[in-house]
>>> print(open('model-v4.pdb').read())   # PDB, C-alpha atoms
ATOM      1  CA  MET A1199      60.669 102.784 141.722
ATOM      2  CA  ALA A1200      63.803 101.928 139.753
ATOM      3  CA  ASP A1201      65.681  98.745 140.478
ATOM      4  CA  GLU A1202      68.857  99.456 142.357
ATOM      5  CA  ALA A1203      71.947  97.425 141.641
ATOM      6  CA  MET A1204      72.970  95.177 144.466
ATOM      7  CA  PRO A1205      76.640  95.397 145.407
ATOM      8  CA  VAL A1206      78.490  92.178 144.694
ATOM      9  CA  ARG A1207      81.862  91.249 146.048
ATOM     10  CA  LYS A1208      84.254  89.323 143.828
ATOM     11  CA  ARG A1209      84.903  85.854 145.198
ATOM     12  CA  SER A1210      88.564  85.048 145.749
ATOM     13  CA  LEU A1211      89.787  81.553 145.006
ATOM     14  CA  ASP A1212      91.728  79.721 147.638
ATOM     15  CA  ARG A1213      95.162  78.244 146.902
ATOM     16  CA  LYS A1214      93.799  74.779 146.065
ATOM     17  CA  ALA A1215      91.211  76.171 143.627
ATOM     18  CA  ARG A1216      93.868  78.304 141.883
ATOM     19  CA  ARG A1217      96.176  75.264 141.567
ATOM     20  CA  ASN A1218      93.340  73.165 140.091
ATOM     21  CA  ARG A1219      92.483  75.918 137.617
ATOM     22  CA  LEU A1220      96.148  76.060 136.533
ATOM     23  CA  LEU A1221      96.344  72.281 136.042
ATOM     24  CA  ARG A1222      93.134  72.226 133.996
ATOM     25  CA  SER A1223      94.500  75.036 131.814
ATOM     26  CA  VAL A1224      97.886  73.400 131.238
ATOM     27  CA  LEU A1225      96.338  70.027 130.401
ATOM     28  CA  ASP A1226      93.670  71.405 128.047
ATOM     29  CA  PRO A1227      94.699  70.491 124.448
ATOM     30  CA  ARG A1228      92.645  73.403 123.065
ATOM     31  CA  ALA A1229      95.056  75.849 124.726
ATOM     32  CA  TRP A1230      98.028  74.202 122.988
ATOM     33  CA  ALA A1231      96.234  74.160 119.629
ATOM     34  CA  HIS A1232      95.528  77.880 120.042
ATOM     35  CA  LEU A1233      99.196  78.476 120.871
ATOM     36  CA  LEU A1234     100.150  76.912 117.530
ATOM     37  CA  LYS A1235      97.745  79.300 115.772
ATOM     38  CA  LEU A1236      99.381  82.248 117.534
ATOM     39  CA  VAL A1237     102.880  81.092 116.538
ATOM     40  CA  ASN A1238     101.728  80.683 112.925
ATOM     41  CA  TYR A1239     100.138  84.163 112.930
ATOM     42  CA  TYR A1240     103.279  85.724 114.433
ATOM     43  CA  ASN A1241     105.427  84.020 111.803
ATOM     44  CA  TYR A1242     103.423  85.166 108.767
ATOM     45  CA  THR A1243     102.702  88.708 110.041
ATOM     46  CA  HIS A1244     106.061  89.588 111.615
ATOM     47  CA  VAL A1245     108.975  87.142 111.386
ATOM     48  CA  ARG A1246     108.838  86.258 107.663
ATOM     49  CA  PRO A1247     107.913  89.774 106.481
ATOM     50  CA  LEU A1248     110.878  91.339 108.288
ATOM     51  CA  ARG A1249     113.183  89.293 106.040
ATOM     52  CA  ALA A1250     111.589  90.742 102.893
ATOM     53  CA  ILE A1251     111.089  94.416 103.801
ATOM     54  CA  ALA A1252     113.640  96.959 102.572
ATOM     55  CA  ILE A1253     114.724  98.325 105.979
ATOM     56  CA  GLY A1254     117.305 101.064 106.589
ATOM     57  CA  SER A1255     119.874 101.122 109.366
ATOM     58  CA  GLN A1256     119.184 101.116 113.110
ATOM     59  CA  PRO A1257     115.456 100.339 113.100
ATOM     60  CA  SER A1258     113.542  99.740 116.321
ATOM     61  CA  ILE A1259     110.496  97.620 115.498
ATOM     62  CA  SER A1260     108.280  96.251 118.258
ATOM     63  CA  PRO A1261     107.936  92.441 118.177
ATOM     64  CA  ASP A1262     104.157  92.621 117.737
ATOM     65  CA  VAL A1263     104.014  94.827 114.627
ATOM     66  CA  CYS A1264     102.028  93.244 111.762
ATOM     67  CA  PHE A1265     103.163  93.526 108.146
ATOM     68  CA  ASP A1266     101.571  92.227 104.958
ATOM     69  CA  HIS A1267     103.033  92.071 101.440
ATOM     70  CA  PRO A1268     106.487  93.116 102.668
ATOM     71  CA  GLU A1269     107.922  93.283  99.159
ATOM     72  CA  ARG A1270     106.040  96.595  98.750
ATOM     73  CA  ILE A1271     107.130  98.192 102.046
ATOM     74  CA  GLU A1272     110.189 100.426 102.424
ATOM     75  CA  ILE A1273     111.365 101.616 105.857
ATOM     76  CA  GLY A1274     114.059 104.284 106.231
ATOM     77  CA  ASP A1275     116.890 104.712 108.728
ATOM     78  CA  ARG A1276     116.343 104.991 112.502
ATOM     79  CA  VAL A1277     112.590 104.355 112.273
ATOM     80  CA  ARG A1278     110.841 103.418 115.532
ATOM     81  CA  ILE A1279     107.621 101.446 115.198
ATOM     82  CA  GLY A1280     105.583 100.988 118.381
ATOM     83  CA  SER A1281     103.561  98.099 119.678
ATOM     84  CA  ARG A1282     100.625  96.622 117.738
ATOM     85  CA  CYS A1283     101.079  98.755 114.599
ATOM     86  CA  HIS A1284      99.724  97.435 111.282
ATOM     87  CA  ILE A1285     101.383  98.229 107.968
ATOM     88  CA  TRP A1286      99.406  96.960 104.987
ATOM     89  CA  PRO A1287     100.155  98.005 101.388
ATOM     90  CA  GLY A1288      97.167  96.114  99.965
ATOM     91  CA  SER A1289      96.970  92.854  98.116
ATOM     92  CA  SER A1290      98.110  93.803  94.616
ATOM     93  CA  ASN A1291     100.004  97.016  93.839
ATOM     94  CA  GLY A1292      99.887  99.532  96.707
ATOM     95  CA  ARG A1293     103.164 100.596  98.312
ATOM     96  CA  ILE A1294     104.099 102.057 101.672
ATOM     97  CA  VAL A1295     107.262 104.148 101.855
ATOM     98  CA  ILE A1296     108.445 105.393 105.265
ATOM     99  CA  GLY A1297     111.236 107.993 105.450
ATOM    100  CA  ASN A1298     114.061 108.352 107.967
ATOM    101  CA  ASP A1299     113.685 109.131 111.694
ATOM    102  CA  VAL A1300     109.954 108.390 111.753
ATOM    103  CA  LEU A1301     108.297 107.619 115.100
ATOM    104  CA  PHE A1302     105.169 105.434 115.353
ATOM    105  CA  GLY A1303     103.175 105.384 118.572
ATOM    106  CA  PRO A1304     101.308 102.215 119.537
ATOM    107  CA  GLU A1305      98.516 100.862 117.330
ATOM    108  CA  VAL A1306      99.167 103.059 114.294
ATOM    109  CA  MET A1307      97.712 101.735 111.041
ATOM    110  CA  LEU A1308      98.978 102.478 107.551
ATOM    111  CA  THR A1309      96.923 101.023 104.723
ATOM    112  CA  ALA A1310      97.303 101.518 100.990
ATOM    113  CA  ALA A1311      94.033  99.670 100.234
ATOM    114  CA  SER A1312      90.361  99.977 101.067
ATOM    115  CA  TYR A1313      87.291  98.031 100.022
ATOM    116  CA  ARG A1314      84.750  99.583  97.735
ATOM    117  CA  TYR A1315      81.333  99.710  99.329
ATOM    118  CA  ASN A1316      78.849 100.164  96.485
ATOM    119  CA  ASP A1317      79.705  97.107  94.419
ATOM    120  CA  GLY A1318      77.168  94.751  96.027
ATOM    121  CA  SER A1319      77.236  92.394  98.980
ATOM    122  CA  PRO A1320      78.996  91.038 100.891
ATOM    123  CA  VAL A1321      81.591  93.774 101.253
ATOM    124  CA  THR A1322      84.380  91.189 101.505
ATOM    125  CA  ASP A1323      83.676  90.102  97.899
ATOM    126  CA  GLN A1324      84.109  93.628  96.565
ATOM    127  CA  THR A1325      87.248  94.803  94.853
ATOM    128  CA  MET A1326      89.679  97.140  96.559
ATOM    129  CA  ASP A1327      91.121 100.464  95.526
ATOM    130  CA  GLU A1328      94.851 100.847  96.202
ATOM    131  CA  ALA A1329      97.048 103.954  96.294
ATOM    132  CA  ASP A1330     100.539 104.435  97.722
ATOM    133  CA  VAL A1331     101.161 105.876 101.188
ATOM    134  CA  ILE A1332     104.276 108.037 101.517
ATOM    135  CA  ILE A1333     105.586 109.136 104.922
ATOM    136  CA  GLY A1334     108.340 111.791 104.859
ATOM    137  CA  ASN A1335     111.356 112.155 107.155
ATOM    138  CA  ASP A1336     111.133 113.151 110.836
ATOM    139  CA  VAL A1337     107.394 112.418 111.075
ATOM    140  CA  TRP A1338     105.616 111.447 114.303
ATOM    141  CA  LEU A1339     102.478 109.305 114.041
ATOM    142  CA  ALA A1340     100.935 109.281 117.524
ATOM    143  CA  THR A1341      98.935 106.481 119.154
ATOM    144  CA  ARG A1342      96.148 104.999 117.015
ATOM    145  CA  ALA A1343      96.683 107.327 114.074
ATOM    146  CA  ILE A1344      95.292 105.902 110.829
ATOM    147  CA  VAL A1345      96.742 106.785 107.426
ATOM    148  CA  LEU A1346      94.498 105.859 104.479
ATOM    149  CA  PRO A1347      95.326 105.017 100.844
ATOM    150  CA  GLY A1348      96.815 107.766  98.694
ATOM    151  CA  SER A1349      98.032 109.844 101.644
ATOM    152  CA  THR A1350     101.339 111.696 101.710
ATOM    153  CA  ILE A1351     102.719 113.084 104.959
ATOM    154  CA  GLY A1352     105.386 115.755 104.517
ATOM    155  CA  ASP A1353     108.713 115.978 106.332
ATOM    156  CA  GLY A1354     108.500 117.008 109.970
ATOM    157  CA  ALA A1355     104.724 116.616 110.249
ATOM    158  CA  ILE A1356     102.965 115.323 113.363
ATOM    159  CA  VAL A1357      99.758 113.280 113.228
ATOM    160  CA  ALA A1358      97.920 113.461 116.557
ATOM    161  CA  ALA A1359      96.636 110.476 118.485
ATOM    162  CA  GLY A1360      93.512 108.988 116.907
ATOM    163  CA  ALA A1361      93.703 111.172 113.788
ATOM    164  CA  VAL A1362      92.529 109.759 110.456
ATOM    165  CA  VAL A1363      94.585 111.029 107.503
ATOM    166  CA  LYS A1364      93.278 110.907 103.937
ATOM    167  CA  GLY A1365      95.150 113.065 101.470
ATOM    168  CA  ASP A1366      98.202 115.273 101.841
ATOM    169  CA  VAL A1367      99.689 116.662 105.045
ATOM    170  CA  PRO A1368     102.111 119.540 104.358
ATOM    171  CA  PRO A1369     105.655 119.502 105.783
ATOM    172  CA  GLY A1370     105.788 120.594 109.426
ATOM    173  CA  ALA A1371     102.004 120.546 109.854
ATOM    174  CA  ILE A1372     100.387 119.204 113.015
ATOM    175  CA  VAL A1373      97.107 117.499 112.183
ATOM    176  CA  ALA A1374      94.378 116.136 114.446
ATOM    177  CA  GLY A1375      90.844 114.786 114.212
ATOM    178  CA  SER A1376      88.811 112.604 111.911
ATOM    179  CA  PRO A1377      89.229 113.607 109.175
ATOM    180  CA  ALA A1378      92.596 115.094 110.101
ATOM    181  CA  LYS A1379      92.862 118.865 109.780
ATOM    182  CA  ILE A1380      95.791 121.201 110.393
ATOM    183  CA  VAL A1381      95.677 122.516 113.971
ATOM    184  CA  SER A1382      99.188 123.960 114.285
ATOM    185  CA  GLN A1383     102.599 124.200 112.669
ATOM    186  CA  ARG A1384     105.771 122.597 113.986
ATOM    187  CA  SER A1385     108.848 124.743 114.504
ATOM    188  CA  MET A1386     111.529 123.150 112.372
ATOM    189  CA  ASP A1387     114.404 125.103 113.970
ATOM    190  CA  PRO A1388     116.985 122.847 115.626
ATOM    191  CA  PRO A1389     117.032 123.173 119.427
ATOM    192  CA  SER A1390     119.771 125.401 120.831
ATOM    193  CA  ARG A1391     122.538 123.648 122.724
ATOM    194  CA  ASN A1392     123.743 125.432 125.844
TER
END
>>> encode(input="model-v4.pdb", output="C-alpha coordinates")
Amino acid sequence: MADEAMPVRKRSLDRKARRNRLLRSVLDPRAWAHLLKLVNYYNYTHVRPLRAIAIGSQPSISPDVCFDHPERIEIGDRVRIGSRCHIWPGSSNGRIVIGNDVLFGPEVMLTAASYRYNDGSPVTDQTMDEADVIIGNDVWLATRAIVLPGSTIGDGAIVAAGAVVKGDVPPGAIVAGSPAKIVSQRSMDPPSRN
(Lines of atoms letter the chains of each structure in order from A and count residues from 1; the text may use other names and numbers.)
(Lines give C-alpha, C1' and ligand atoms only; values in the text may rest on other atoms or scores of the structure.)
Protein backbone atom coordinates (compact mmCIF):
# COMPACT_ATOMS: atom_id res chain seq x y z
CA MET A 1 0.00 0.00 0.00
CA ALA A 2 1.39 3.38 -1.03
CA ASP A 3 2.11 6.00 1.58
CA GLU A 4 -0.48 8.72 1.53
CA ALA A 5 0.53 12.29 2.16
CA MET A 6 -0.77 13.67 5.40
CA PRO A 7 -2.44 17.06 5.10
CA VAL A 8 -0.52 19.77 6.91
CA ARG A 9 -1.85 23.16 7.82
CA LYS A 10 0.48 26.14 7.63
CA ARG A 11 1.11 27.61 11.07
CA SER A 12 0.30 31.30 11.36
CA LEU A 13 2.54 33.48 13.49
CA ASP A 14 0.97 35.65 16.11
CA ARG A 15 1.63 39.40 16.24
CA LYS A 16 4.48 39.10 18.76
CA ALA A 17 6.27 36.42 16.71
CA ARG A 18 5.95 38.51 13.52
CA ARG A 19 7.36 41.58 15.34
CA ASN A 20 10.31 39.54 16.67
CA ARG A 21 11.01 38.15 13.20
CA LEU A 22 11.02 41.70 11.80
CA LEU A 23 13.42 42.96 14.48
CA ARG A 24 15.81 40.05 13.92
CA SER A 25 15.76 40.75 10.18
CA VAL A 26 16.39 44.49 10.53
CA LEU A 27 19.23 43.98 13.01
CA ASP A 28 20.97 41.22 11.04
CA PRO A 29 24.17 42.72 9.49
CA ARG A 30 24.16 40.06 6.75
CA ALA A 31 20.96 41.58 5.33
CA TRP A 32 22.62 45.01 5.09
CA ALA A 33 25.76 43.55 3.51
CA HIS A 34 23.56 41.82 0.92
CA LEU A 35 21.77 45.12 0.26
CA LEU A 36 25.13 46.71 -0.61
CA LYS A 37 25.78 43.88 -3.08
CA LEU A 38 22.40 44.51 -4.71
CA VAL A 39 23.08 48.26 -5.00
CA ASN A 40 26.48 47.53 -6.56
CA TYR A 41 24.94 45.06 -9.03
CA TYR A 42 22.19 47.53 -9.97
CA ASN A 43 24.79 50.25 -10.53
CA TYR A 44 27.07 48.24 -12.83
CA THR A 45 24.27 46.49 -14.78
CA HIS A 46 21.79 49.35 -15.18
CA VAL A 47 22.67 52.83 -13.90
CA ARG A 48 26.20 53.22 -15.33
CA PRO A 49 25.46 51.46 -18.64
CA LEU A 50 22.50 53.74 -19.38
CA ARG A 51 24.94 56.68 -19.47
CA ALA A 52 27.05 54.98 -22.15
CA ILE A 53 24.43 53.43 -24.46
CA ALA A 54 23.50 55.28 -27.65
CA ILE A 55 19.76 55.69 -26.96
CA GLY A 56 17.22 57.38 -29.26
CA SER A 57 14.38 59.62 -28.16
CA GLN A 58 11.49 58.69 -25.87
CA PRO A 59 12.72 55.32 -24.58
CA SER A 60 10.85 53.41 -21.89
CA ILE A 61 13.32 51.13 -20.13
CA SER A 62 12.30 49.18 -17.04
CA PRO A 63 14.51 49.89 -13.99
CA ASP A 64 15.58 46.25 -13.70
CA VAL A 65 16.95 45.74 -17.23
CA CYS A 66 20.56 44.48 -17.27
CA PHE A 67 23.10 45.75 -19.79
CA ASP A 68 26.73 44.82 -20.32
CA HIS A 69 29.36 46.52 -22.49
CA PRO A 70 27.05 49.46 -23.24
CA GLU A 71 29.50 51.05 -25.67
CA ARG A 72 28.44 48.37 -28.19
CA ILE A 73 24.67 48.74 -27.75
CA GLU A 74 22.49 51.03 -29.87
CA ILE A 75 18.80 51.58 -29.04
CA GLY A 76 16.47 53.41 -31.44
CA ASP A 77 13.60 55.83 -30.84
CA ARG A 78 10.50 54.95 -28.78
CA VAL A 79 11.84 51.54 -27.73
CA ARG A 80 10.08 49.88 -24.78
CA ILE A 81 12.12 47.35 -22.82
CA GLY A 82 10.22 45.29 -20.24
CA SER A 83 11.17 44.04 -16.83
CA ARG A 84 14.18 41.77 -16.24
CA CYS A 85 15.47 41.86 -19.84
CA HIS A 86 19.18 41.16 -20.46
CA ILE A 87 21.08 42.78 -23.31
CA TRP A 88 24.62 41.45 -23.67
CA PRO A 89 26.81 42.14 -26.72
CA GLY A 90 29.64 39.90 -25.49
CA SER A 91 32.95 40.73 -23.94
CA SER A 92 35.03 41.83 -26.92
CA ASN A 93 33.51 42.82 -30.27
CA GLY A 94 29.84 41.81 -30.59
CA ARG A 95 27.25 44.55 -31.11
CA ILE A 96 23.53 44.80 -30.49
CA VAL A 97 21.57 47.25 -32.62
CA ILE A 98 17.87 47.80 -31.86
CA GLY A 99 15.70 49.75 -34.32
CA ASN A 100 12.85 52.18 -33.66
CA ASP A 101 9.49 51.33 -32.06
CA VAL A 102 10.65 47.95 -30.76
CA LEU A 103 8.70 46.32 -27.91
CA PHE A 104 10.36 43.90 -25.46
CA GLY A 105 8.20 41.77 -23.19
CA PRO A 106 9.54 40.77 -19.77
CA GLU A 107 12.67 38.62 -19.47
CA VAL A 108 13.80 38.87 -23.09
CA MET A 109 17.48 38.07 -23.65
CA LEU A 110 19.64 39.34 -26.49
CA THR A 111 23.17 37.98 -26.60
CA ALA A 112 25.85 38.48 -29.22
CA ALA A 113 28.17 35.90 -27.60
CA SER A 114 28.12 32.23 -26.69
CA TYR A 115 30.69 29.90 -25.19
CA ARG A 116 32.25 27.20 -27.29
CA TYR A 117 31.63 23.77 -25.84
CA ASN A 118 34.23 21.48 -27.40
CA ASP A 119 37.38 23.28 -26.32
CA GLY A 120 37.90 21.37 -23.06
CA SER A 121 36.76 21.87 -19.48
CA PRO A 122 35.56 23.78 -17.62
CA VAL A 123 33.23 25.50 -20.06
CA THR A 124 33.82 28.86 -18.36
CA ASP A 125 37.49 28.75 -19.46
CA GLN A 126 36.57 28.30 -23.11
CA THR A 127 36.64 31.12 -25.61
CA MET A 128 33.47 32.69 -26.92
CA ASP A 129 32.19 33.24 -30.42
CA GLU A 130 30.63 36.66 -31.01
CA ALA A 131 28.40 37.91 -33.83
CA ASP A 132 26.22 41.03 -34.02
CA VAL A 133 22.49 40.98 -33.27
CA ILE A 134 20.38 43.35 -35.37
CA ILE A 135 16.74 44.06 -34.51
CA GLY A 136 14.75 45.98 -37.16
CA ASN A 137 12.04 48.61 -36.67
CA ASP A 138 8.56 47.85 -35.29
CA VAL A 139 9.57 44.44 -33.89
CA TRP A 140 7.86 42.77 -30.92
CA LEU A 141 9.91 40.36 -28.80
CA ALA A 142 7.43 38.63 -26.49
CA THR A 143 8.05 37.36 -22.95
CA ARG A 144 11.20 35.24 -22.51
CA ALA A 145 12.21 35.34 -26.16
CA ILE A 146 15.92 34.63 -26.65
CA VAL A 147 17.89 36.03 -29.58
CA LEU A 148 21.27 34.35 -30.15
CA PRO A 149 24.50 35.64 -31.73
CA GLY A 150 24.43 36.47 -35.43
CA SER A 151 20.65 36.86 -35.60
CA THR A 152 18.88 39.52 -37.63
CA ILE A 153 15.19 40.23 -37.11
CA GLY A 154 13.52 42.09 -39.97
CA ASP A 155 11.21 45.09 -39.70
CA GLY A 156 7.74 44.34 -38.38
CA ALA A 157 8.54 40.80 -37.22
CA ILE A 158 7.09 39.24 -34.07
CA VAL A 159 9.01 36.73 -31.94
CA ALA A 160 6.60 34.67 -29.82
CA ALA A 161 6.93 34.11 -26.10
CA GLY A 162 9.69 31.64 -25.26
CA ALA A 163 11.00 31.45 -28.84
CA VAL A 164 14.73 30.96 -29.43
CA VAL A 165 15.99 32.80 -32.52
CA LYS A 166 19.24 31.84 -34.25
CA GLY A 167 19.67 33.23 -37.73
CA ASP A 168 17.51 35.53 -39.83
CA VAL A 169 13.83 36.34 -39.35
CA PRO A 170 12.31 37.93 -42.48
CA PRO A 171 10.41 41.23 -42.27
CA GLY A 172 6.83 40.79 -41.05
CA ALA A 173 7.32 37.15 -40.08
CA ILE A 174 5.83 35.73 -36.89
CA VAL A 175 8.14 33.11 -35.42
CA ALA A 176 7.63 30.70 -32.53
CA GLY A 177 9.32 27.69 -30.95
CA SER A 178 12.81 26.51 -30.17
CA PRO A 179 14.40 26.83 -32.63
CA ALA A 180 12.11 29.59 -33.89
CA LYS A 181 10.27 28.84 -37.12
CA ILE A 182 7.87 30.97 -39.16
CA VAL A 183 4.28 30.24 -38.11
CA SER A 184 2.48 33.19 -39.71
CA GLN A 185 2.93 36.51 -41.46
CA ARG A 186 2.04 39.90 -40.00
CA SER A 187 -0.21 42.23 -41.97
CA MET A 188 1.81 45.39 -42.42
CA ASP A 189 -1.17 47.50 -43.57
CA PRO A 190 -1.85 50.47 -41.29
CA PRO A 191 -5.13 50.14 -39.36
CA SER A 192 -8.07 52.06 -40.81
CA ARG A 193 -9.25 55.05 -38.83
CA ASN A 194 -13.01 55.49 -38.66
>>> residues_around(input="model-v4.pdb", residues="region 1336-1349 of chain A", least_positions_apart="3", cutoff="8 Å", atoms="only C-alpha atoms", output="count of residues only")
38
>>> axis_aligned_box(input="model-v4.pdb", around="region 1239-1244 of chain A", padding_each_side="8 Å", output="JSON")
{"center_x": 103.1, "center_y": 86.8, "center_z": 111.6, "size_x": 21.9, "size_y": 21.6, "size_z": 21.7}
>>> atom_distance(input="model-v4.pdb", atom1="CA of Gly1280 (chain A)", atom2="CA of Thr1322 (chain A)")
28.8 Å
>>> atom_distance(input="model-v4.pdb", atom1="CA of Tyr1313 (chain A)", atom2="CA of Asp1327 (chain A)")
6.4 Å
>>> residues_around(input="model-v4.pdb", residues="His1267 (chain A)", least_positions_apart="4", cutoff="10 Å", atoms="only C-alpha atoms", output="list of chain:residue names")
A:Thr1243, A:Pro1247, A:Ala1250, A:Ile1251, A:Ile1271, A:Ile1285, A:Trp1286, A:Pro1287, A:Gly1288, A:Ser1289, A:Ser1290, A:Asn1291, A:Gly1292, A:Arg1293
>>> resolve_selection(input="model-v4.pdb", expression="the PyMOL selection byres ((chain A and resi 1246) around 12)", output="list in words")
Val1237, Asn1238, Tyr1239, Tyr1240, Asn1241, Tyr1242, Thr1243, His1244, Val1245, Pro1247, Leu1248, Arg1249, Ala1250, Ile1251, Cys1264, Phe1265, Asp1266, His1267, Pro1268 and Glu1269 of chain A
>>> write_last_selection(input="model-v4.pdb", atoms="C-alpha atoms", output="JSON list (two decimals), in the frame of the given file")
[["chain", "number", "residue", "atom", "x", "y", "z"],
["A", 1237, "VAL", "CA", 102.88, 81.09, 116.54],
["A", 1238, "ASN", "CA", 101.73, 80.68, 112.92],
["A", 1239, "TYR", "CA", 100.14, 84.16, 112.93],
["A", 1240, "TYR", "CA", 103.28, 85.72, 114.43],
["A", 1241, "ASN", "CA", 105.43, 84.02, 111.80],
["A", 1242, "TYR", "CA", 103.42, 85.17, 108.77],
["A", 1243, "THR", "CA", 102.70, 88.71, 110.04],
["A", 1244, "HIS", "CA", 106.06, 89.59, 111.62],
["A", 1245, "VAL", "CA", 108.98, 87.14, 111.39],
["A", 1247, "PRO", "CA", 107.91, 89.77, 106.48],
["A", 1248, "LEU", "CA", 110.88, 91.34, 108.29],
["A", 1249, "ARG", "CA", 113.18, 89.29, 106.04],
["A", 1250, "ALA", "CA", 111.59, 90.74, 102.89],
["A", 1251, "ILE", "CA", 111.09, 94.42, 103.80],
["A", 1264, "CYS", "CA", 102.03, 93.24, 111.76],
["A", 1265, "PHE", "CA", 103.16, 93.53, 108.15],
["A", 1266, "ASP", "CA", 101.57, 92.23, 104.96],
["A", 1267, "HIS", "CA", 103.03, 92.07, 101.44],
["A", 1268, "PRO", "CA", 106.49, 93.12, 102.67],
["A", 1269, "GLU", "CA", 107.92, 93.28, 99.16]]
>>> atom_distance(input="model-v4.pdb", atom1="CA of Met1326 (chain A)", atom2="CA of Arg1282 (chain A)")
23.8 Å
>>> resolve_selection(input="model-v4.pdb", expression="the PyMOL selection byres ((chain A and resi 1255) around 7)", output="ChimeraX atom specification")
/A:1253-1254,1256-1257,1275-1276
>>> resolve_selection(input="model-v4.pdb", expression="the PyMOL selection byres ((chain A and resi 1380) around 10)", output="list of chain:residue names")
A:Ile1356, A:Val1357, A:Val1367, A:Pro1368, A:Ala1371, A:Ile1372, A:Val1373, A:Ala1374, A:Gly1375, A:Ala1378, A:Lys1379, A:Val1381, A:Ser1382, A:Gln1383
